[in-house]
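Peer 1: One structure, pasted below without further comment.
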Amino acid sequence: MNRFIVIVLDGFGIGAMEDARETRPADVHANTLKSILAVYPDLQLPTLEKLGLMNAAGFESENMRFNPEANFGKSSLMHDGADTFMGHQEILGTFPKKPVLQCLNDQLVPVKNALIQAGYKVEEKGTDKLTYFLVEDYCAVADNIDSDLGQAINCIAPLDFMPFEKLLEIARVVRSVVTLNRVIPFGGTGNTIEDILSAQEVKEDRYIGNVAVKTKSYLQGYQVLHLGYGVDASVQVPSLLKTKNIPTVLLGKVADIVANPYGKSVSCVNSEEVLRLTIDEIKTMSHGFIITNVQETDLAGHSMNTRWYKELLEIADRNLHEILSLLDEKDLLIVMADHGNDPEIGHNRHTREYVPLLVYQPKTLGVQLGKRRTMSDVGASVCDWFDCPPPQNGVSFAEPFLTWKMR
C-alpha cells in the first residue's frame, strides 16, 4: 500500500496571523481552537491530541496535552484574506494571484453587455440605487453577500427550471469579464425563482445579493462549481498525479472547488457521511491520493454556533481514530485546515489564522515541521511522495516520511 490522505477541517484555525493587524483588523484576536475551548474547557479530542493539535497550537488545555511523539507544524495562508476556495487551490499547489475586490455594480455595463452578446435575455432587478441581473428568467446574477464582500459573484438558479449546464454557461460569461476571486454558479431543486429573488439583501449600501440559505438552494439537489481567478489546474496536484497514473479522489466541498478531470470527485456536506466515504475509499484503495473537506465545521463558524462546532470536532475525532487504524508505514495522513472561522470573534466571516499541520505515519515520530510559508507545501509533498513533477508553488516536507522507500 502507498497512500497519501489529506483531511481538511474547514475553518479550524489556531491563532491570528501577524499580518491580520494590517489586512483584517477584526481578526486580530481570532483563535478558533482557543475560543471553542474557552466555552468548553473540558473538551476532549484524543485522536487530534495524539496527532499533535496542542503542539501546533502552542498551548495545553484542561484535558489535552502536548504529545512529544507527534509530527506537527503550522502553516501560514499565502492567499489574500481567508478563503475556502483559494485555500484549497493553495493547498493543491497554486501560487495565489491577488484578485481585485469588486461589487457587481462596479461592472454592470460590461457584464450586461457580455451576457447580451452571448445571446441571453437580461432583466434588471434590485433597488433604486443598486442593480443585479435576472438572466433567462431563472438565473440571478448578484454579489455574494455570505462571505467577505467583494470576493465573489453568485449565479443562482432553481434547477427544476434551468439545467445546471446552462447555469454554468451563464456563469462562464460573467467570469470572462470580472476580476474578483470567484464566480459561483449554484442551485438546487424544489425551490423557485421567487425563493431566490425574495432572499435579496443589501450590505454596506454597495453590495446587493441573495442570501444563499434563504434561497432554499441547499435543501435538495444542490449543485455548485466555483470558477476561480488565476487558477491553472494543469499545475495542481490532481493533474500532475495523472502523469504517473496515480488515482485521485476528492471528497466533500473540495470536490466542488478543485478541478479533478482524471479522478473521482464526490460532493458531500454531512460530516459523518463525508468521513465515512473517506474511510470506505481508504479500505478499497491500495495506491493513490485522497483529499477530504469537512465543511460543516466552517458552517458552524459562520453560524457562530460554538456548541455545533464542538460536536463536529468530536465526530471528526472519532472517525480519525478509525482512519489511523487503517494506515501502515507506507501511508501518510495530514490533518489541517484552510483558514479560521472563530465562532466567538463577533462576526460570522472567515478569520485569517494559522492552520494546524498534523502529520501521521506509523513508526515516524517527533518530526517538527515548523511554521510553513504556504499551505502549498502540502501539495508539493504529495507530488514528492509519488515522484511526480512539482506543482506551481510550495516546498515539500515529505523527506522524513519517505524512509520506507529505502528499506
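Each chain in the C-alpha cells gets a letter, A, B and so on, in the order shown; residues start at 1 in every chain, and ligands are counted from 1 in the order they appear.
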Taking the chain letters and numbering used in this document, name the residues of range 226-318 of chain A that DSSP puts in strand (DSSP E or B), as a ChimeraX atom specification.
Peer 2: /A:227-228,248-252,264-266,287-294
Peer 1: Using only C-alpha atoms, what does the table of range 278-357 of chain A residues within 10 Å of range 394-407 of chain A look like, with each row giving the shortest atom pair and its distance in Å to one decimal, sorted by chain and ascending number, as CSV?
Peer 2:
```
residue,atom,partner,partner_atom,distance
A:Glu329,CA,A:Trp404,CA,6.9
A:Lys330,CA,A:Trp404,CA,6.5
A:Asp331,CA,A:Phe401,CA,9.0
A:Leu332,CA,A:Phe401,CA,7.7
```
Peer 1: I need the chosen residues saved as an mmCIF file, in the first residue's frame, with C-alpha atoms.
Peer 2:
```cif
data_model
loop_
_atom_site.group_PDB
_atom_site.id
_atom_site.type_symbol
_atom_site.label_atom_id
_atom_site.label_comp_id
_atom_site.auth_asym_id
_atom_site.auth_seq_id
_atom_site.Cartn_x
_atom_site.Cartn_y
_atom_site.Cartn_z
ATOM 1 C CA GLU A 329 4.212 2.859 7.282
ATOM 2 C CA LYS A 330 3.793 3.347 3.533
ATOM 3 C CA ASP A 331 0.840 5.691 4.094
ATOM 4 C CA LEU A 332 0.826 9.351 5.088
#
```
Peer 1: Go through A:Thr127, A:Ser381, A:Asn319, A:Thr248 one by one, measure the shortest atom-to-atom distance of each to Glu273 in chain A using only C-alpha atoms, and give the residue with the smallest value.
Peer 2: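 Ranked by minimum distance to Glu273 in chain A, first place goes to A:Asn319.
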Peer 1: Using only C-alpha atoms, which of A:Leu180, A:Ile334, A:Ile246, A:Leu104 sits nearest Asp387 in chain A?
Peer 2: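 Looking at the shortest contact to Asp387 in chain A, the residue is A:Ile246.
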Peer 1: List the neighbours of range 43-60 of chain A out to 8 Å using only C-alpha atoms; skip same-chain residues closer than 4 positions along the sequence, and give me the result as a list in words.
Peer 2: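 Once the nearby chain positions are removed, what remains is Ile14, Gly15, Leu37, Met64, Arg65, Phe66, Asn67, Ala70, Asn71, Phe72, Gly73, Lys74, Lys310, Leu313, Glu314, Asp317, Arg318, Leu320, His321, Pro356, Leu357, Leu358, Val359 and Tyr360 of chain A.
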Peer 1: Please provide the set of residues having any atom within 6 Å of Leu92 in chain A, restricted to only C-alpha atoms, with same-chain residues fewer than 3 positions apart removed, written as JSON, numbers by chain.
Peer 2: {"A": [89, 236, 237, 376, 379]}
Peer 1: Calculated over only C-alpha atoms, which of the candidates A:Gly150, A:Gly263, A:Gly93, A:Gly288 has the smallest distance to Ile5 in chain A?
Peer 2: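 Nearest candidate to Ile5 in chain A out of A:Gly150, A:Gly263, A:Gly93, A:Gly288: A:Gly288.
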Peer 1: How far is it from CA of Phe386 in chain A to CA of His79 in chain A, in Å with one decimal?
Peer 2: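 Taking CA of Phe386 in chain A as the start and CA of His79 in chain A as the end point, the length is 25.6 Å.
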Peer 1: Could you find all residues in range 147-363 of chain A that DSSP calls alpha helix (DSSP H) from the backbone, and write them as an mmCIF file with C-alpha atoms, in the first residue's frame?
Peer 2:
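Below you can see part-v3.cif, which holds the result:
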```cif
data_model
loop_
_atom_site.group_PDB
_atom_site.id
_atom_site.type_symbol
_atom_site.label_atom_id
_atom_site.label_comp_id
_atom_site.auth_asym_id
_atom_site.auth_seq_id
_atom_site.Cartn_x
_atom_site.Cartn_y
_atom_site.Cartn_z
ATOM 1 C CA PHE A 164 -27.051 23.306 -14.211
ATOM 2 C CA GLU A 165 -25.220 23.102 -17.548
ATOM 3 C CA LYS A 166 -26.991 26.255 -18.779
ATOM 4 C CA LEU A 167 -26.378 27.987 -15.444
ATOM 5 C CA LEU A 168 -22.685 27.176 -15.796
ATOM 6 C CA GLU A 169 -22.592 28.666 -19.305
ATOM 7 C CA ILE A 170 -24.021 31.934 -17.962
ATOM 8 C CA ALA A 171 -21.505 31.956 -15.114
ATOM 9 C CA ARG A 172 -18.604 31.456 -17.514
ATOM 10 C CA VAL A 173 -19.671 34.572 -19.411
ATOM 11 C CA VAL A 174 -19.638 36.551 -16.152
ATOM 12 C CA ARG A 175 -16.245 35.030 -15.252
ATOM 13 C CA ILE A 193 -37.037 31.786 -8.692
ATOM 14 C CA GLU A 194 -39.362 33.598 -6.293
ATOM 15 C CA ASP A 195 -37.499 31.987 -3.391
ATOM 16 C CA ILE A 196 -34.233 33.295 -4.815
ATOM 17 C CA LEU A 197 -35.453 36.815 -5.548
ATOM 18 C CA VAL A 237 -1.804 18.100 -7.732
ATOM 19 C CA PRO A 238 -4.684 16.221 -9.463
ATOM 20 C CA SER A 239 -3.377 16.972 -12.958
ATOM 21 C CA LEU A 240 0.239 16.292 -12.003
ATOM 22 C CA LEU A 241 -0.607 12.930 -10.447
ATOM 23 C CA LYS A 242 -2.169 11.943 -13.759
ATOM 24 C CA VAL A 254 -13.149 20.191 -2.255
ATOM 25 C CA ALA A 255 -14.930 18.224 -4.999
ATOM 26 C CA ASP A 256 -16.913 21.388 -5.803
ATOM 27 C CA ILE A 257 -13.975 23.769 -5.974
ATOM 28 C CA SER A 271 -19.585 15.309 8.338
ATOM 29 C CA GLU A 272 -20.368 11.717 9.286
ATOM 30 C CA GLU A 273 -21.091 10.902 5.654
ATOM 31 C CA VAL A 274 -18.004 12.521 4.153
ATOM 32 C CA LEU A 275 -15.721 10.889 6.723
ATOM 33 C CA ARG A 276 -17.406 7.532 6.144
ATOM 34 C CA LEU A 277 -16.808 7.974 2.406
ATOM 35 C CA THR A 278 -13.168 8.665 3.224
ATOM 36 C CA ILE A 279 -12.881 5.509 5.298
ATOM 37 C CA ASP A 280 -14.510 3.473 2.536
ATOM 38 C CA GLU A 281 -12.031 4.848 -0.015
ATOM 39 C CA ILE A 282 -9.081 4.036 2.242
ATOM 40 C CA LYS A 283 -10.357 0.471 2.663
ATOM 41 C CA THR A 284 -10.634 -0.068 -1.097
ATOM 42 C CA GLU A 296 -19.666 21.630 8.479
ATOM 43 C CA THR A 297 -17.018 22.979 10.858
ATOM 44 C CA ASP A 298 -16.899 26.061 8.633
ATOM 45 C CA LEU A 299 -20.696 26.266 8.605
ATOM 46 C CA ALA A 300 -20.695 26.155 12.416
ATOM 47 C CA GLY A 301 -18.259 29.067 12.434
ATOM 48 C CA HIS A 302 -20.430 31.069 10.050
ATOM 49 C CA THR A 306 -19.777 27.025 19.207
ATOM 50 C CA ARG A 307 -21.711 24.034 20.503
ATOM 51 C CA TRP A 308 -22.232 22.703 16.983
ATOM 52 C CA TYR A 309 -18.568 23.306 16.173
ATOM 53 C CA LYS A 310 -17.520 21.310 19.258
ATOM 54 C CA GLU A 311 -19.819 18.429 18.334
ATOM 55 C CA LEU A 312 -18.436 18.348 14.788
ATOM 56 C CA LEU A 313 -14.867 18.193 16.087
ATOM 57 C CA GLU A 314 -15.873 15.216 18.229
ATOM 58 C CA ILE A 315 -17.338 13.499 15.154
ATOM 59 C CA ALA A 316 -14.139 14.177 13.196
ATOM 60 C CA ASP A 317 -12.010 12.894 16.064
ATOM 61 C CA ARG A 318 -13.878 9.588 16.307
ATOM 62 C CA ASN A 319 -13.576 8.981 12.584
ATOM 63 C CA LEU A 320 -9.899 9.943 12.563
ATOM 64 C CA HIS A 321 -9.308 7.264 15.182
ATOM 65 C CA GLU A 322 -10.626 4.662 12.734
ATOM 66 C CA ILE A 323 -8.631 6.147 9.860
ATOM 67 C CA LEU A 324 -5.391 5.849 11.830
ATOM 68 C CA SER A 325 -6.084 2.152 12.393
#
```
Peer 1: Fewer than 6 positions away in the same chain doesn't count, so skip those; otherwise give me all residues within 12 Å of Ser147 in chain A, counting only C-alpha atoms, as an MDAnalysis selection string.
Peer 2: chainID A and resid 81:85 153:154 181:182 203 207 209:212 298:299 301:303 341 347:351
Peer 1: Would you put the residues from that selection into a file with N, CA and C atoms, as a PDB file, in the first residue's frame?
Peer 2:
```pdb
ATOM      1  N   GLY A  81      -6.549  37.302   2.216  1.00  0.00           N
ATOM      2  CA  GLY A  81      -7.759  37.121   3.021  1.00  0.00           C
ATOM      3  C   GLY A  81      -7.776  35.777   3.714  1.00  0.00           C
ATOM      4  N   ALA A  82      -8.955  35.139   3.696  1.00  0.00           N
ATOM      5  CA  ALA A  82      -9.151  33.846   4.351  1.00  0.00           C
ATOM      6  C   ALA A  82     -10.305  33.173   3.626  1.00  0.00           C
ATOM      7  N   ASP A  83      -9.979  32.336   2.656  1.00  0.00           N
ATOM      8  CA  ASP A  83     -10.988  31.906   1.703  1.00  0.00           C
ATOM      9  C   ASP A  83     -10.916  30.403   1.458  1.00  0.00           C
ATOM     10  N   THR A  84     -12.046  29.733   1.530  1.00  0.00           N
ATOM     11  CA  THR A  84     -12.085  28.289   1.315  1.00  0.00           C
ATOM     12  C   THR A  84     -11.647  27.930  -0.100  1.00  0.00           C
ATOM     13  N   PHE A  85     -12.164  28.640  -1.074  1.00  0.00           N
ATOM     14  CA  PHE A  85     -11.815  28.329  -2.463  1.00  0.00           C
ATOM     15  C   PHE A  85     -10.315  28.476  -2.690  1.00  0.00           C
ATOM     16  N   ILE A 153     -19.117  36.746  -7.102  1.00  0.00           N
ATOM     17  CA  ILE A 153     -20.445  36.960  -7.668  1.00  0.00           C
ATOM     18  C   ILE A 153     -21.124  35.601  -7.760  1.00  0.00           C
ATOM     19  N   ASN A 154     -22.364  35.545  -7.312  1.00  0.00           N
ATOM     20  CA  ASN A 154     -23.148  34.313  -7.398  1.00  0.00           C
ATOM     21  C   ASN A 154     -24.031  34.318  -8.637  1.00  0.00           C
ATOM     22  N   ASN A 181     -12.322  37.320  -7.035  1.00  0.00           N
ATOM     23  CA  ASN A 181     -11.834  35.988  -6.704  1.00  0.00           C
ATOM     24  C   ASN A 181     -12.610  34.867  -7.383  1.00  0.00           C
ATOM     25  N   ARG A 182     -13.949  34.881  -7.277  1.00  0.00           N
ATOM     26  CA  ARG A 182     -14.733  33.742  -7.752  1.00  0.00           C
ATOM     27  C   ARG A 182     -16.047  34.183  -8.393  1.00  0.00           C
ATOM     28  N   LYS A 203     -25.879  45.090   1.569  1.00  0.00           N
ATOM     29  CA  LYS A 203     -24.895  45.279   2.628  1.00  0.00           C
ATOM     30  C   LYS A 203     -23.981  46.445   2.280  1.00  0.00           C
ATOM     31  N   TYR A 207     -23.257  46.503  -1.883  1.00  0.00           N
ATOM     32  CA  TYR A 207     -23.365  45.131  -2.349  1.00  0.00           C
ATOM     33  C   TYR A 207     -24.807  44.663  -2.271  1.00  0.00           C
ATOM     34  N   GLY A 209     -27.253  41.223  -3.108  1.00  0.00           N
ATOM     35  CA  GLY A 209     -27.226  39.814  -3.454  1.00  0.00           C
ATOM     36  C   GLY A 209     -28.379  39.066  -2.832  1.00  0.00           C
ATOM     37  N   ASN A 210     -28.310  37.747  -2.903  1.00  0.00           N
ATOM     38  CA  ASN A 210     -29.374  36.881  -2.404  1.00  0.00           C
ATOM     39  C   ASN A 210     -28.764  35.966  -1.343  1.00  0.00           C
ATOM     40  N   VAL A 211     -29.246  36.074  -0.117  1.00  0.00           N
ATOM     41  CA  VAL A 211     -28.693  35.286   0.985  1.00  0.00           C
ATOM     42  C   VAL A 211     -28.866  33.800   0.652  1.00  0.00           C
ATOM     43  N   ALA A 212     -27.755  33.078   0.548  1.00  0.00           N
ATOM     44  CA  ALA A 212     -27.770  31.735  -0.027  1.00  0.00           C
ATOM     45  C   ALA A 212     -28.729  30.795   0.690  1.00  0.00           C
ATOM     46  N   ASP A 298     -16.839  24.694   9.152  1.00  0.00           N
ATOM     47  CA  ASP A 298     -16.899  26.061   8.633  1.00  0.00           C
ATOM     48  C   ASP A 298     -18.314  26.632   8.755  1.00  0.00           C
ATOM     49  N   LEU A 299     -19.316  25.804   8.485  1.00  0.00           N
ATOM     50  CA  LEU A 299     -20.696  26.266   8.605  1.00  0.00           C
ATOM     51  C   LEU A 299     -21.028  26.616  10.052  1.00  0.00           C
ATOM     52  N   GLY A 301     -18.885  27.772  12.210  1.00  0.00           N
ATOM     53  CA  GLY A 301     -18.259  29.067  12.434  1.00  0.00           C
ATOM     54  C   GLY A 301     -19.085  30.202  11.882  1.00  0.00           C
ATOM     55  N   HIS A 302     -19.575  30.040  10.645  1.00  0.00           N
ATOM     56  CA  HIS A 302     -20.430  31.069  10.050  1.00  0.00           C
ATOM     57  C   HIS A 302     -21.694  31.282  10.875  1.00  0.00           C
ATOM     58  N   SER A 303     -22.199  30.206  11.456  1.00  0.00           N
ATOM     59  CA  SER A 303     -23.416  30.290  12.270  1.00  0.00           C
ATOM     60  C   SER A 303     -23.128  30.831  13.665  1.00  0.00           C
ATOM     61  N   ASN A 341     -12.282  30.144  11.385  1.00  0.00           N
ATOM     62  CA  ASN A 341     -13.660  30.643  11.411  1.00  0.00           C
ATOM     63  C   ASN A 341     -14.108  30.644  12.874  1.00  0.00           C
ATOM     64  N   HIS A 347     -18.046  38.292  14.594  1.00  0.00           N
ATOM     65  CA  HIS A 347     -18.574  38.414  13.230  1.00  0.00           C
ATOM     66  C   HIS A 347     -18.648  37.005  12.652  1.00  0.00           C
ATOM     67  N   ASN A 348     -19.374  36.841  11.553  1.00  0.00           N
ATOM     68  CA  ASN A 348     -19.586  35.480  11.030  1.00  0.00           C
ATOM     69  C   ASN A 348     -18.800  35.201   9.750  1.00  0.00           C
ATOM     70  N   ARG A 349     -17.671  35.883   9.597  1.00  0.00           N
ATOM     71  CA  ARG A 349     -16.824  35.666   8.420  1.00  0.00           C
ATOM     72  C   ARG A 349     -15.622  34.787   8.782  1.00  0.00           C
ATOM     73  N   HIS A 350     -14.955  34.299   7.754  1.00  0.00           N
ATOM     74  CA  HIS A 350     -13.711  33.570   7.969  1.00  0.00           C
ATOM     75  C   HIS A 350     -12.712  34.455   8.713  1.00  0.00           C
ATOM     76  N   THR A 351     -11.796  33.830   9.430  1.00  0.00           N
ATOM     77  CA  THR A 351     -10.755  34.563  10.139  1.00  0.00           C
ATOM     78  C   THR A 351      -9.387  34.153   9.607  1.00  0.00           C
TER      79      THR A 351
END
```
Peer 1: Pick from A:Asn113, A:Thr189, A:Ser198, A:Thr32: nearest to Leu219 in chain A, with only C-alpha atoms counted?
Peer 2: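 Closest to Leu219 in chain A, using only C-alpha atoms: A:Thr189.
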Peer 1: Range 34-126 of chain A near range 388-393 of chain A within 10 Å: what's each residue's closest atom pair and its distance in Å to one decimal, counting only C-alpha atoms, ordered by chain then ascending residue number, as a Markdown table?
Peer 2:
```
| residue | atom | partner | partner_atom | distance |
| --- | --- | --- | --- | --- |
| A:Glu90 | CA | A:Asn393 | CA | 7.9 |
| A:Ile91 | CA | A:Asn393 | CA | 9.2 |
| A:Leu92 | CA | A:Pro391 | CA | 7.7 |
| A:Gly93 | CA | A:Pro391 | CA | 5.0 |
| A:Thr94 | CA | A:Gln392 | CA | 5.6 |
| A:Phe95 | CA | A:Asn393 | CA | 5.1 |
| A:Pro96 | CA | A:Asn393 | CA | 8.7 |
```
Peer 1: Using only C-alpha atoms for the distances, tell me which of A:Ala20, A:Pro343, A:Ala38, A:Ser75 is nearest to Asp377 in chain A.
Peer 2: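 Selected residue with least distance to Asp377 in chain A: A:Ser75.
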Peer 1: Identify which of the residues A:Gln200, A:Gln368, A:Asn2, A:Asn293 lies closest to Gly87 in chain A, counting only C-alpha atoms when measuring atom-to-atom distances.
Peer 2: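 Of the candidates, the smallest distance to Gly87 in chain A is held by A:Asn293.
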Peer 1: Show me, as a PyMOL selection string, the residues that have an atom within 12 Å of Asp106 in chain A when counting only C-alpha atoms, minus same-chain residues fewer than 2 positions from it.
Peer 2: chain A and resi 100-104+108-112+130-132+142-143+150+153+177-180+206-208
Peer 1: Those same residues, written as a PDB file, in the first residue's frame with N, CA and C atoms?
Peer 2:
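Result file part.pdb:
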```
ATOM      1  N   VAL A 100      -8.966  41.329  -7.615  1.00  0.00           N
ATOM      2  CA  VAL A 100      -9.398  42.710  -7.392  1.00  0.00           C
ATOM      3  C   VAL A 100     -10.774  42.669  -6.743  1.00  0.00           C
ATOM      4  N   LEU A 101     -10.914  43.310  -5.598  1.00  0.00           N
ATOM      5  CA  LEU A 101     -12.219  43.370  -4.948  1.00  0.00           C
ATOM      6  C   LEU A 101     -13.177  44.181  -5.814  1.00  0.00           C
ATOM      7  N   GLN A 102     -14.359  43.638  -6.054  1.00  0.00           N
ATOM      8  CA  GLN A 102     -15.345  44.312  -6.889  1.00  0.00           C
ATOM      9  C   GLN A 102     -16.744  44.007  -6.371  1.00  0.00           C
ATOM     10  N   CYS A 103     -17.641  44.909  -6.626  1.00  0.00           N
ATOM     11  CA  CYS A 103     -19.059  44.581  -6.486  1.00  0.00           C
ATOM     12  C   CYS A 103     -19.659  44.578  -7.900  1.00  0.00           C
ATOM     13  N   LEU A 104     -20.770  43.920  -8.050  1.00  0.00           N
ATOM     14  CA  LEU A 104     -21.375  43.818  -9.373  1.00  0.00           C
ATOM     15  C   LEU A 104     -21.659  45.196  -9.948  1.00  0.00           C
ATOM     16  N   LEU A 108     -21.462  46.682 -13.978  1.00  0.00           N
ATOM     17  CA  LEU A 108     -22.789  46.431 -14.553  1.00  0.00           C
ATOM     18  C   LEU A 108     -22.786  46.441 -16.074  1.00  0.00           C
ATOM     19  N   VAL A 109     -22.204  47.459 -16.659  1.00  0.00           N
ATOM     20  CA  VAL A 109     -22.277  47.599 -18.121  1.00  0.00           C
ATOM     21  C   VAL A 109     -21.524  46.482 -18.832  1.00  0.00           C
ATOM     22  N   PRO A 110     -20.251  46.214 -18.492  1.00  0.00           N
ATOM     23  CA  PRO A 110     -19.556  45.122 -19.208  1.00  0.00           C
ATOM     24  C   PRO A 110     -20.183  43.751 -18.974  1.00  0.00           C
ATOM     25  N   VAL A 111     -20.683  43.485 -17.752  1.00  0.00           N
ATOM     26  CA  VAL A 111     -21.318  42.192 -17.505  1.00  0.00           C
ATOM     27  C   VAL A 111     -22.596  42.072 -18.324  1.00  0.00           C
ATOM     28  N   LYS A 112     -23.418  43.103 -18.295  1.00  0.00           N
ATOM     29  CA  LYS A 112     -24.674  43.070 -19.054  1.00  0.00           C
ATOM     30  C   LYS A 112     -24.400  42.926 -20.543  1.00  0.00           C
ATOM     31  N   LEU A 130     -29.175  50.162  -6.348  1.00  0.00           N
ATOM     32  CA  LEU A 130     -28.318  49.036  -6.697  1.00  0.00           C
ATOM     33  C   LEU A 130     -29.050  48.051  -7.598  1.00  0.00           C
ATOM     34  N   THR A 131     -28.312  47.481  -8.545  1.00  0.00           N
ATOM     35  CA  THR A 131     -28.901  46.603  -9.561  1.00  0.00           C
ATOM     36  C   THR A 131     -28.216  45.246  -9.557  1.00  0.00           C
ATOM     37  N   TYR A 132     -28.994  44.199  -9.798  1.00  0.00           N
ATOM     38  CA  TYR A 132     -28.436  42.916 -10.184  1.00  0.00           C
ATOM     39  C   TYR A 132     -29.259  42.381 -11.348  1.00  0.00           C
ATOM     40  N   ALA A 142     -25.677  38.188  -8.998  1.00  0.00           N
ATOM     41  CA  ALA A 142     -25.595  39.228  -7.973  1.00  0.00           C
ATOM     42  C   ALA A 142     -24.366  39.005  -7.099  1.00  0.00           C
ATOM     43  N   ASP A 143     -24.103  39.962  -6.220  1.00  0.00           N
ATOM     44  CA  ASP A 143     -22.969  39.830  -5.307  1.00  0.00           C
ATOM     45  C   ASP A 143     -23.178  38.667  -4.348  1.00  0.00           C
ATOM     46  N   GLY A 150     -17.100  41.597  -1.857  1.00  0.00           N
ATOM     47  CA  GLY A 150     -16.210  41.939  -2.954  1.00  0.00           C
ATOM     48  C   GLY A 150     -15.396  40.788  -3.484  1.00  0.00           C
ATOM     49  N   ILE A 153     -19.117  36.746  -7.102  1.00  0.00           N
ATOM     50  CA  ILE A 153     -20.445  36.960  -7.668  1.00  0.00           C
ATOM     51  C   ILE A 153     -21.124  35.601  -7.760  1.00  0.00           C
ATOM     52  N   VAL A 177     -15.518  38.392 -17.641  1.00  0.00           N
ATOM     53  CA  VAL A 177     -15.500  39.848 -17.538  1.00  0.00           C
ATOM     54  C   VAL A 177     -14.884  40.332 -16.234  1.00  0.00           C
ATOM     55  N   VAL A 178     -15.250  39.719 -15.122  1.00  0.00           N
ATOM     56  CA  VAL A 178     -14.862  40.243 -13.814  1.00  0.00           C
ATOM     57  C   VAL A 178     -13.516  39.671 -13.358  1.00  0.00           C
ATOM     58  N   THR A 179     -12.839  40.411 -12.463  1.00  0.00           N
ATOM     59  CA  THR A 179     -11.515  40.005 -11.982  1.00  0.00           C
ATOM     60  C   THR A 179     -11.505  39.726 -10.484  1.00  0.00           C
ATOM     61  N   LEU A 180     -12.666  39.574  -9.883  1.00  0.00           N
ATOM     62  CA  LEU A 180     -12.699  39.219  -8.474  1.00  0.00           C
ATOM     63  C   LEU A 180     -12.401  37.733  -8.292  1.00  0.00           C
ATOM     64  N   ARG A 206     -23.624  49.049  -0.846  1.00  0.00           N
ATOM     65  CA  ARG A 206     -22.866  48.887  -2.077  1.00  0.00           C
ATOM     66  C   ARG A 206     -23.063  47.512  -2.706  1.00  0.00           C
ATOM     67  N   TYR A 207     -23.257  46.503  -1.883  1.00  0.00           N
ATOM     68  CA  TYR A 207     -23.365  45.131  -2.349  1.00  0.00           C
ATOM     69  C   TYR A 207     -24.807  44.663  -2.271  1.00  0.00           C
ATOM     70  N   ILE A 208     -25.279  44.070  -3.362  1.00  0.00           N
ATOM     71  CA  ILE A 208     -26.632  43.533  -3.384  1.00  0.00           C
ATOM     72  C   ILE A 208     -26.574  42.084  -3.860  1.00  0.00           C
TER      73      ILE A 208
END
```
